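Structure file coords.txt (compact mmCIF, C-alpha atoms) is printed below.
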# COMPACT_ATOMS: atom_id res chain seq x y z
CA MET A 12 86.33 68.27 110.68
CA ILE A 13 88.09 66.31 113.35
CA PHE A 14 87.97 62.85 111.92
CA SER A 15 88.32 63.21 108.19
CA PRO A 16 91.48 64.77 106.86
CA ARG A 17 90.27 64.80 103.23
CA PRO A 18 86.94 66.55 102.80
CA LYS A 19 86.93 65.77 99.07
CA ALA A 20 86.94 61.99 99.55
CA LYS A 21 84.13 62.41 102.06
CA HIS A 22 82.11 64.36 99.53
CA GLN A 23 82.68 61.64 96.91
CA ARG A 24 81.55 58.90 99.26
CA LEU A 25 78.41 60.84 100.14
CA VAL A 26 77.44 61.36 96.50
CA LEU A 27 78.20 57.74 95.64
CA LEU A 28 76.11 56.43 98.52
CA LEU A 29 73.21 58.77 97.82
CA VAL A 30 73.13 57.63 94.17
CA ALA A 31 73.25 53.99 95.29
CA ILE A 32 70.45 54.55 97.80
CA ALA A 33 68.31 56.36 95.23
CA ALA A 34 68.77 53.50 92.75
CA MET A 35 67.90 50.94 95.41
CA VAL A 36 64.79 52.81 96.54
CA GLY A 37 63.68 53.15 92.92
CA ALA A 38 64.15 49.43 92.30
CA VAL A 39 62.19 48.49 95.39
CA LEU A 40 59.35 50.88 94.58
CA LEU A 41 59.12 49.37 91.09
CA ALA A 42 59.06 45.87 92.55
CA MET A 43 56.41 46.86 95.09
CA SER A 44 54.07 48.34 92.52
CA ALA A 45 54.60 45.31 90.26
CA MET A 46 53.73 43.05 93.19
CA LYS A 47 50.63 45.02 94.09
CA ASP A 48 48.24 42.25 93.06
CA GLN A 49 50.30 39.26 94.15
CA ALA A 50 51.18 40.74 97.51
CA SER A 51 47.60 41.54 98.40
CA TYR A 52 46.24 39.25 101.04
CA PHE A 53 42.73 39.00 99.62
CA TYR A 54 40.47 40.04 96.76
CA ALA A 55 37.81 42.63 97.46
CA PRO A 56 34.48 42.20 95.64
CA GLY A 57 35.45 45.10 93.35
CA ASP A 58 38.68 43.30 92.37
CA VAL A 59 36.72 40.18 91.45
CA VAL A 60 34.45 42.18 89.16
CA ARG A 61 37.45 43.87 87.53
CA ARG A 62 39.57 40.76 87.11
CA GLY A 63 37.02 37.98 86.73
CA LEU A 64 36.39 35.01 88.99
CA PRO A 65 39.45 32.96 89.90
CA LEU A 66 37.71 29.58 89.65
CA ASP A 67 40.73 27.34 89.31
CA ARG A 68 42.22 27.76 92.77
CA ALA A 69 41.54 28.56 96.40
CA VAL A 70 41.55 32.30 97.07
CA ARG A 71 40.82 34.74 99.85
CA ILE A 72 38.17 37.38 99.62
CA GLY A 73 37.70 40.22 102.06
CA GLY A 74 35.29 43.02 102.74
CA MET A 75 32.49 44.23 104.94
CA VAL A 76 29.69 41.89 105.97
CA ARG A 77 26.58 43.66 104.70
CA GLU A 78 24.08 44.72 107.36
CA GLY A 79 21.06 42.43 107.52
CA SER A 80 22.56 39.82 105.21
CA LEU A 81 23.75 37.32 107.82
CA GLU A 82 21.49 34.29 108.17
CA ARG A 83 21.95 30.91 109.78
CA LEU A 84 20.69 27.92 107.85
CA ARG A 85 18.53 25.22 109.37
CA ASP A 86 21.43 22.84 110.06
CA GLY A 87 22.65 25.30 112.71
CA THR A 88 26.29 25.43 111.64
CA THR A 89 26.08 26.90 108.15
CA ILE A 90 25.89 30.66 107.73
CA ARG A 91 25.21 32.71 104.65
CA PHE A 92 26.04 36.38 104.22
CA VAL A 93 26.94 38.99 101.63
CA VAL A 94 30.32 40.73 101.45
CA GLY A 95 30.61 44.20 99.97
CA ASP A 96 33.23 46.90 99.61
CA GLU A 97 33.30 50.55 98.62
CA THR A 98 32.17 49.60 95.12
CA GLU A 99 28.74 48.27 94.10
CA ALA A 100 30.07 44.72 93.86
CA THR A 101 29.02 42.08 96.35
CA ILE A 102 29.77 38.39 96.85
CA PRO A 103 27.39 35.92 98.52
CA VAL A 104 29.30 33.63 100.88
CA THR A 105 28.39 30.38 102.61
CA PHE A 106 30.44 28.91 105.42
CA THR A 107 30.06 25.90 107.69
CA GLY A 108 31.92 26.10 110.96
CA ILE A 109 32.82 28.42 113.80
CA VAL A 110 33.50 32.10 113.14
CA PRO A 111 35.70 34.35 115.34
CA ASP A 112 33.98 36.41 118.04
CA LEU A 113 34.58 39.62 116.17
CA PHE A 114 32.83 38.40 113.04
CA ARG A 115 29.62 40.37 112.77
CA GLU A 116 27.47 42.41 110.42
CA GLY A 117 28.98 45.74 109.44
CA SER A 118 32.50 44.59 110.27
CA GLY A 119 35.38 43.44 108.12
CA MET A 120 36.20 39.82 107.42
CA VAL A 121 38.51 37.72 105.29
CA ALA A 122 37.39 34.33 103.98
CA GLU A 123 39.44 31.58 102.37
CA GLY A 124 37.74 29.24 99.93
CA ARG A 125 36.64 28.81 96.34
CA PHE A 126 34.30 30.53 93.94
CA ARG A 127 31.52 28.59 92.31
CA PRO A 128 30.81 29.29 88.64
CA ASP A 129 27.63 31.18 89.60
CA GLY A 130 29.74 33.78 91.43
CA SER A 131 28.99 32.67 94.97
CA PHE A 132 31.82 31.82 97.34
CA VAL A 133 32.18 28.75 99.55
CA ALA A 134 34.45 29.56 102.47
CA SER A 135 36.56 26.99 104.27
CA GLU A 136 37.91 29.42 106.84
CA ILE A 137 36.80 32.82 108.11
CA LEU A 138 38.88 35.45 109.87
CA ALA A 139 37.59 38.64 111.41
CA LYS A 140 39.30 41.80 110.29
CA HIS A 141 39.68 44.57 112.80
CA ASP A 142 39.74 48.19 111.74
CA GLU A 143 41.84 51.09 112.98
CA ASN A 144 39.28 52.40 115.48
CA TYR A 145 39.74 51.78 119.18
CA MET A 146 37.17 53.07 121.66
CA PRO A 147 35.50 52.25 124.96
CA PRO A 148 32.19 50.37 124.93
CA LYS A 149 30.03 53.35 125.88
CA LEU A 150 30.96 55.11 122.62
CA GLY A 151 30.37 51.89 120.72
CA PRO A 152 27.56 50.76 118.52
CA GLN A 153 24.68 51.13 120.96
CA GLY A 154 22.35 53.35 119.02
CA ASP A 155 24.68 54.71 116.37
CA ARG A 156 26.28 51.88 114.49
CA HIS A 157 29.97 51.74 114.02
CA GLU A 158 30.88 52.19 110.38
CA SER A 159 34.20 51.69 108.74
CA GLY A 160 34.85 52.65 105.17
CA THR A 161 38.24 51.11 104.61
CA LEU A 162 39.26 47.65 103.51
CA GLU A 163 43.00 48.08 103.64
CA MET B 28 77.65 64.98 116.21
CA HIS B 29 81.22 65.98 115.53
CA PHE B 30 82.15 66.82 119.07
CA LEU B 31 81.02 63.32 120.07
CA ALA B 32 83.59 61.83 117.70
CA ASN B 33 85.97 61.68 120.61
CA PRO B 34 85.09 58.55 122.63
CA ALA B 35 86.32 60.12 125.87
CA ARG B 36 84.00 63.08 125.41
CA PHE B 37 81.16 60.74 124.48
CA LEU B 38 81.69 58.66 127.61
CA LYS B 39 81.68 61.77 129.78
CA ILE B 40 78.14 62.49 128.58
CA ALA B 41 76.94 58.90 128.24
CA ARG B 42 77.93 57.80 131.74
CA PRO B 43 75.61 60.13 133.72
CA LEU B 44 72.95 60.05 130.99
CA THR B 45 72.46 56.26 131.15
CA PRO B 46 70.81 56.01 134.60
CA TRP B 47 68.65 59.07 133.89
CA LEU B 48 67.30 57.56 130.69
CA GLY B 49 66.95 54.14 132.27
CA TRP B 50 65.08 55.14 135.40
CA SER B 51 62.81 57.75 133.81
CA GLY B 52 62.07 55.23 131.05
CA ALA B 53 61.23 52.51 133.58
CA LEU B 54 58.97 54.91 135.47
CA LEU B 55 57.09 56.00 132.34
CA VAL B 56 56.70 52.38 131.20
CA ALA B 57 55.30 51.49 134.62
CA VAL B 58 52.82 54.39 134.41
CA GLY B 59 51.85 53.83 130.77
CA VAL B 60 51.50 50.05 130.96
CA GLY B 61 49.97 50.20 134.45
CA VAL B 62 47.28 52.66 133.39
CA GLY B 63 46.81 50.71 130.17
CA LEU B 64 46.29 47.41 131.96
CA PHE B 65 44.26 48.53 134.97
CA VAL B 66 42.68 51.93 134.33
CA ALA B 67 42.09 52.41 130.60
CA PRO B 68 38.75 51.17 129.25
CA PRO B 69 38.37 47.95 127.25
CA ASP B 70 37.57 48.22 123.55
CA TYR B 71 33.93 48.02 122.43
CA LEU B 72 34.72 45.17 120.01
CA GLN B 73 37.95 43.55 121.15
CA GLY B 74 37.19 43.74 124.86
CA GLU B 75 40.17 43.29 127.17
CA SER B 76 42.53 41.99 124.50
CA VAL B 77 43.00 45.57 123.28
CA ARG B 78 45.34 46.12 126.24
CA ILE B 79 48.15 44.42 124.38
CA ILE B 80 48.62 47.60 122.32
CA TYR B 81 50.40 49.25 125.28
CA ILE B 82 53.28 46.84 124.59
CA HIS B 83 52.70 45.86 120.96
CA VAL B 84 52.61 49.32 119.42
CA PRO B 85 55.68 50.75 121.23
CA ALA B 86 57.55 47.52 120.40
CA ALA B 87 56.64 47.86 116.72
CA TRP B 88 57.67 51.52 116.62
CA LEU B 89 60.98 50.83 118.35
CA GLY B 90 61.72 47.80 116.19
CA MET B 91 61.39 50.07 113.16
CA ALA B 92 63.06 53.09 114.79
CA GLY B 93 65.97 50.83 115.72
CA TRP B 94 66.72 49.93 112.14
CA THR B 95 66.28 53.54 111.08
CA GLY B 96 68.96 54.37 113.64
CA ILE B 97 71.20 51.59 112.32
CA ALA B 98 70.83 52.97 108.79
CA LEU B 99 71.64 56.55 109.83
CA ALA B 100 74.64 55.42 111.87
CA SER B 101 75.80 53.25 108.96
CA LEU B 102 75.59 56.25 106.63
CA MET B 103 77.66 58.32 109.07
CA GLN B 104 80.17 55.51 109.32
CA LEU B 105 80.54 55.06 105.57
CA VAL B 106 80.59 58.73 104.57
CA TRP B 107 82.11 60.63 107.48
CA ARG B 108 83.98 57.70 109.06
CA HIS B 109 82.53 58.76 112.41
CA PRO B 110 84.41 56.57 114.91
CA LEU B 111 81.37 55.96 117.12
CA ALA B 112 78.82 55.37 114.36
CA GLY B 113 79.65 51.69 113.95
CA VAL B 114 79.62 51.25 117.71
CA ALA B 115 76.20 52.87 117.91
CA ALA B 116 74.76 50.78 115.08
CA ARG B 117 75.97 47.53 116.64
CA ALA B 118 74.60 48.64 120.02
CA ILE B 119 71.14 49.26 118.54
CA ALA B 120 70.88 45.84 116.89
CA VAL B 121 70.12 43.79 120.01
CA PRO B 122 67.37 45.92 121.60
CA GLY B 123 65.96 46.60 118.12
CA GLY B 124 65.71 42.89 117.44
CA VAL B 125 64.20 42.21 120.86
CA PHE B 126 61.49 44.80 120.28
CA ALA B 127 60.75 43.44 116.81
CA ALA B 128 60.37 39.96 118.32
CA LEU B 129 58.19 41.36 121.10
CA CYS B 130 55.99 43.05 118.52
CA LEU B 131 55.53 39.79 116.60
CA ALA B 132 54.86 37.75 119.75
CA THR B 133 52.30 40.14 121.22
CA GLY B 134 50.65 40.65 117.84
CA SER B 135 50.32 36.90 117.42
CA LEU B 136 48.73 36.55 120.86
CA TRP B 137 46.30 39.33 120.00
CA GLY B 138 45.53 37.88 116.59
CA ARG B 139 44.16 34.60 117.91
CA PRO B 140 41.17 36.01 119.86
CA THR B 141 40.62 38.92 117.46
CA TRP B 142 41.22 37.68 113.92
CA GLY B 143 40.92 34.01 114.74
CA THR B 144 44.49 33.10 113.82
CA TYR B 145 47.97 33.34 115.34
CA TRP B 146 49.68 34.01 112.05
CA GLU B 147 48.80 34.90 108.47
CA TRP B 148 51.18 35.78 105.67
CA ASP B 149 49.83 39.22 104.92
CA GLY B 150 52.00 42.17 103.89
CA ARG B 151 52.37 43.75 107.33
CA LEU B 152 53.09 40.56 109.27
CA THR B 153 55.52 39.23 106.68
CA SER B 154 57.51 42.46 106.36
CA MET B 155 57.76 42.69 110.16
CA LEU B 156 59.04 39.11 110.32
CA ILE B 157 61.63 40.03 107.68
CA LEU B 158 62.73 42.90 109.93
CA LEU B 159 63.38 40.40 112.75
CA PHE B 160 65.40 38.19 110.38
CA LEU B 161 67.36 41.26 109.25
CA TYR B 162 68.23 42.05 112.87
CA VAL B 163 69.46 38.48 113.43
CA ALA B 164 71.53 38.58 110.24
CA TYR B 165 72.90 42.00 111.15
CA GLY B 166 73.97 40.75 114.56
CA ALA B 167 75.71 37.73 113.07
CA LEU B 168 77.47 39.85 110.46
CA ALA B 169 78.54 42.50 112.98
CA ASN B 170 79.91 39.87 115.38
CA ALA B 171 81.78 38.02 112.65
CA ASP B 172 83.26 41.27 111.40
CA ARG B 173 84.30 42.36 114.88
CA GLU B 174 85.97 39.00 115.62
CA ARG B 175 88.05 39.40 112.49
CA GLY B 176 88.93 42.94 113.52
CA GLY B 177 87.40 44.45 110.39
CA GLU B 178 86.24 48.02 109.93
CA GLY B 179 82.63 46.95 109.77
CA ARG B 180 82.08 48.27 106.27
CA ALA B 181 80.11 45.24 105.09
CA THR B 182 77.99 45.51 108.23
CA ALA B 183 77.28 49.18 107.52
CA ILE B 184 76.32 48.47 103.90
CA PHE B 185 73.96 45.75 105.11
CA GLY B 186 72.50 48.23 107.61
CA LEU B 187 71.78 50.68 104.80
CA ILE B 188 70.29 48.13 102.42
CA GLY B 189 68.07 46.66 105.13
CA ALA B 190 66.51 50.07 105.68
CA ILE B 191 64.50 49.49 102.51
CA ASN B 192 62.23 47.25 104.57
CA ILE B 193 61.20 50.09 106.91
CA PRO B 194 58.97 52.00 104.43
CA VAL B 195 57.67 48.62 103.22
CA ILE B 196 56.47 47.83 106.76
CA ARG B 197 55.06 51.30 107.20
CA TYR B 198 53.12 51.42 103.93
CA SER B 199 52.28 47.72 103.60
CA VAL B 200 48.80 48.37 104.96
CA ASP B 201 48.26 51.17 102.41
CA TRP B 202 49.77 49.51 99.34
CA TRP B 203 48.30 46.06 99.73
CA ARG B 204 45.14 44.60 101.12
CA THR B 205 46.21 43.16 104.46
CA LEU B 206 44.60 41.41 107.37
CA HIS B 207 46.35 43.86 109.68
CA GLN B 208 44.40 47.06 110.23
CA GLY B 209 45.55 50.36 108.78
CA LYS B 210 47.33 53.00 110.79
CA SER B 211 45.49 54.56 113.70
CA ILE B 212 47.90 57.36 114.54
CA GLY B 213 48.96 59.84 111.88
CA VAL B 214 49.80 63.50 111.51
CA ALA B 215 46.12 64.32 111.04
CA GLY B 216 45.12 62.75 114.36
CA SER B 217 44.25 59.40 115.80
CA SER B 218 41.35 56.98 115.64
CA ILE B 219 42.19 55.68 119.11
CA ASP B 220 40.03 57.04 121.91
CA SER B 221 41.98 59.51 124.07
CA ALA B 222 41.48 57.38 127.20
CA MET B 223 43.53 54.67 125.46
CA LEU B 224 45.83 56.98 123.51
CA TRP B 225 47.57 58.82 126.33
CA PRO B 226 48.75 55.74 128.25
CA LEU B 227 49.91 54.34 124.90
CA LEU B 228 51.99 57.44 124.17
CA ILE B 229 53.45 57.47 127.71
CA SER B 230 54.34 53.80 127.37
CA ALA B 231 55.95 54.46 123.96
CA LEU B 232 58.00 57.35 125.36
CA GLY B 233 59.08 55.20 128.32
CA PHE B 234 60.15 52.29 126.12
CA SER B 235 62.05 54.75 123.90
CA LEU B 236 64.01 56.12 126.87
CA LEU B 237 64.75 52.56 128.02
CA PHE B 238 65.89 51.78 124.49
CA GLY B 239 68.24 54.78 124.63
CA ALA B 240 69.64 53.65 127.97
CA ILE B 241 70.30 50.13 126.67
CA VAL B 242 72.01 51.51 123.56
CA LEU B 243 74.26 53.76 125.69
CA MET B 244 75.11 50.84 128.00
CA ARG B 245 76.00 48.63 125.07
CA MET B 246 78.06 51.37 123.43
CA ARG B 247 80.01 51.88 126.68
CA ALA B 248 80.59 48.13 126.99
CA ASP B 249 81.76 47.98 123.38
CA LEU B 250 84.18 50.87 123.88
CA ALA B 251 85.50 49.29 127.07
CA ARG B 252 86.07 46.02 125.26
CA THR B 253 87.99 47.76 122.49
CA LYS B 254 90.14 49.44 125.12
CA ILE B 255 90.87 46.12 126.86
CA GLU B 256 91.77 44.46 123.58
CA ALA B 257 94.13 47.30 122.68
CA ARG B 258 95.75 47.08 126.10
CA LEU B 259 96.17 43.29 125.83
CA ARG B 260 97.77 43.72 122.43
CA ARG B 261 100.18 46.28 123.80
CA MET B 262 101.05 43.96 126.70
CA ALA B 263 101.62 41.05 124.33
CA ALA B 264 103.85 43.13 122.05

Show this structure as C-alpha cells.
Amino acid sequence: MIFSPRPKAKHQRLVLLLVAIAAMVGAVLLAMSAMKDQASYFYAPGDVVRRGLPLDRAVRIGGMVREGSLERLRDGTTIRFVVGDETEATIPVTFTGIVPDLFREGSGMVAEGRFRPDGSFVASEILAKHDENYMPPKLGPQGDRHESGTLE
Amino acid sequence: MHFLANPARFLKIARPLTPWLGWSGALLVAVGVGVGLFVAPPDYLQGESVRIIYIHVPAAWLGMAGWTGIALASLMQLVWRHPLAGVAARAIAVPGGVFAALCLATGSLWGRPTWGTYWEWDGRLTSMLILLFLYVAYGALANADRERGGEGRATAIFGLIGAINIPVIRYSVDWWRTLHQGKSIGVAGSSIDSAMLWPLLISALGFSLLFGAIVLMRMRADLARTKIEARLRRMAA
C-alpha cells in the first residue's frame, strides 16, 4: 500500500462505509416499495377493479386500446374506445379532441380525466404510449399485427 | 489502481491516451450517428423520429455511468484515500451532467411527436431530472470545497449518497407504471431490430470513449492547477 500507512484504519473506514451504504439502500428500497402506488403514473384497468373507482379527483388511466373498439361519434371529434390490460378488466373511454399520431388500436395509451359513477372514463387529454419494440416498417404490422403484452 | 496513485505515473499514461480515446471516440460517433441518421431504417410506428435514440440512449447511459463512476471514485477516496480519486470524480461531473441534460433534451423532443407531450412527471423522467440536479449540486459542492482548499470529503459523501438514484432510474420502468417505455436492451437480448441496434451500440461506444477523453483532459487540467497553486504558494512564502 503506497498511500495508506495504516491498513487498520482503512479497514475500519471500509466497514463503516459499507454498513452506511447498506442502511441507505435498505431505507430507499423501503421507501420505493411504500411509494409503489403513489409513484405510478397511471392506473391500469386491473388496478381500478382492485382498488375501486377514484371518483373524487382527476386521475390517469393507461392500457392497451382494444382491437375493434375504437369508434368515432357523429360529431366528428369525439372518440370512444375500450382500454384493457393483462387482466380481464376493461374501461370504456370517451374523449373529445385530437389524439397523438401514435394513438391506435392495439397500442398503449395514457388518458387523463375523471371516472363517471357508471365506471366509464371521460378523458380530457390522451397520450400515446410507446413500447420497447423498435423495427423497420417492412417487419411491422402489415399482415401480422404488432402485439405488446406489457404496460410498464 | 494502486500504481496510478502517483500523479506523475498517471500523467505518463493519461497524456498519450487522451488523443487516442478522443479521436477514436469521435470517429465511432460519426459512424454510429451517421449510419443512424442516414442509413438505418425508420421505425414502423414512430417513423423518422426514432433516429433520436442514436444520441438519446448513449446520453442516458453515460449520464448514469458518470454518476456510477463518481460513486466508485468517492468510495476509493473515502476508504483508501486514493490521491487521484477525488480528481477523477470531479472530472466526471461536468461531462456526466452534460450527457444527462442531453438525454432529457432529446427525450423531450422525441416525446412531443410520439407521446404527444414534451414532459410528464412519470417515474423515469422525474428520476432522470433528479440526476441532472444532483450533477449541478455536486459541481457546486466540489467547486466550493476546492476553493476553500478542503479535502473534498463532503463532496465524496454526496457522491456516494447520490448513487442511490441510479438504480431508481434503472428500475423505475419496472417498479412503477410509467409513460416511458420499458427497457429494450437487456442481458437476454434486445427488442430493437438489428439494423437499428448496431449503429446504436457503435454510437454508445464512441460517446463512451469521448467521455473518457474528456475526463482525462479534465483530470490533467485539475492536476496542473494544483501544481500551479502549490508553486505560487511556495513563491509567496

Interface residues on chain B facing chain A, 8 Å, all atoms listed in the file, written as a ChimeraX atom specification: /B:29,32,68-73,105-110,140-144,148-150,188,191,200-211,218-220,223

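Atom CA of Leu31 of chain B sits 28.3 Å away from atom CA of Ala164 of chain B.
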
Near-segment 112-122 of chain B list (6 Å; only C-alpha atoms; drop same-chain fewer than 4 positions) as a ChimeraX atom specification: /B:97,100,104,242,245-246

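Shortest atom-to-atom contact with Glu123 of chain A among B:Glu147, B:Ile255, B:Tyr165, B:Ser221: B:Glu147, counting only C-alpha atoms.
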
Residue with smallest distance to Leu129 of chain B - pool B:Ile40, B:Leu54, B:Ala87, B:Leu250, counting all atoms listed in the file: B:Ala87

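Comparing A:Arg127, A:Arg115, A:Arg62, A:Lys19 by their smallest distance to Val76 of chain A, the closest is A:Arg115 (using all atoms listed in the file).
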
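Interatomic distance, atom CA of Ala41 of chain B against atom CA of Gly59 of chain B: 25.7 Å.
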
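Proximity to Phe106 of chain A was assessed for A:Leu41, A:Leu81, A:Val133, A:Val93 counting all atoms listed in the file; the smallest distance is recorded for A:Val133.
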
Å distance separating atom CA of Leu236 of chain B from atom CA of Gly216 of chain B, one decimal place: 23.6 Å

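Minimum atom-to-atom distances from A:Val70, A:Gly37, A:Pro65, A:Pro56 to Pro103 of chain A were compared using only C-alpha atoms, and the lowest value belongs to A:Pro56.
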
Shell of 8 Å around Ile82 of chain B, all atoms listed in the file, local chain residues under 4 positions omitted, as a ChimeraX atom specification: /B:60,86,130,133,230

Emit segment 97-133 of chain B of the structure in the block as a file comprising C-alpha atoms, as a compact mmCIF listing (two decimals), in the first residue's frame.
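So the final result, stored in out-v6.txt, reads:
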# COMPACT_ATOMS: atom_id res chain seq x y z
CA ILE B 97 -18.35 9.35 -9.24
CA ALA B 98 -19.65 6.97 -6.57
CA LEU B 99 -16.85 4.44 -7.09
CA ALA B 100 -14.20 7.17 -7.07
CA SER B 101 -15.77 8.66 -3.94
CA LEU B 102 -15.60 5.27 -2.22
CA MET B 103 -11.92 4.95 -3.17
CA GLN B 104 -11.29 8.45 -1.88
CA LEU B 105 -13.02 7.89 1.45
CA VAL B 106 -11.71 4.40 2.19
CA TRP B 107 -8.30 4.16 0.56
CA ARG B 108 -7.56 7.91 0.39
CA HIS B 109 -6.52 7.40 -3.23
CA PRO B 110 -4.99 10.77 -4.19
CA LEU B 111 -6.48 10.79 -7.69
CA ALA B 112 -9.95 9.52 -6.80
CA GLY B 113 -11.30 12.95 -5.88
CA VAL B 114 -9.74 14.43 -9.00
CA ALA B 115 -11.39 11.76 -11.13
CA ALA B 116 -14.80 12.22 -9.51
CA ARG B 117 -14.71 15.99 -10.03
CA ALA B 118 -13.59 15.47 -13.63
CA ILE B 119 -16.55 13.18 -14.35
CA ALA B 120 -19.16 15.60 -13.01
CA VAL B 121 -19.21 18.02 -15.96
CA PRO B 122 -19.47 15.57 -18.88
CA GLY B 123 -21.85 13.42 -16.81
CA GLY B 124 -24.12 16.39 -16.25
CA VAL B 125 -23.93 17.41 -19.91
CA PHE B 126 -24.97 13.93 -21.03
CA ALA B 127 -27.82 13.83 -18.52
CA ALA B 128 -29.05 17.18 -19.87
CA LEU B 129 -28.66 15.93 -23.44
CA CYS B 130 -30.70 12.85 -22.58
CA LEU B 131 -33.51 14.99 -21.13
CA ALA B 132 -33.49 17.44 -24.05
CA THR B 133 -33.53 14.79 -26.78
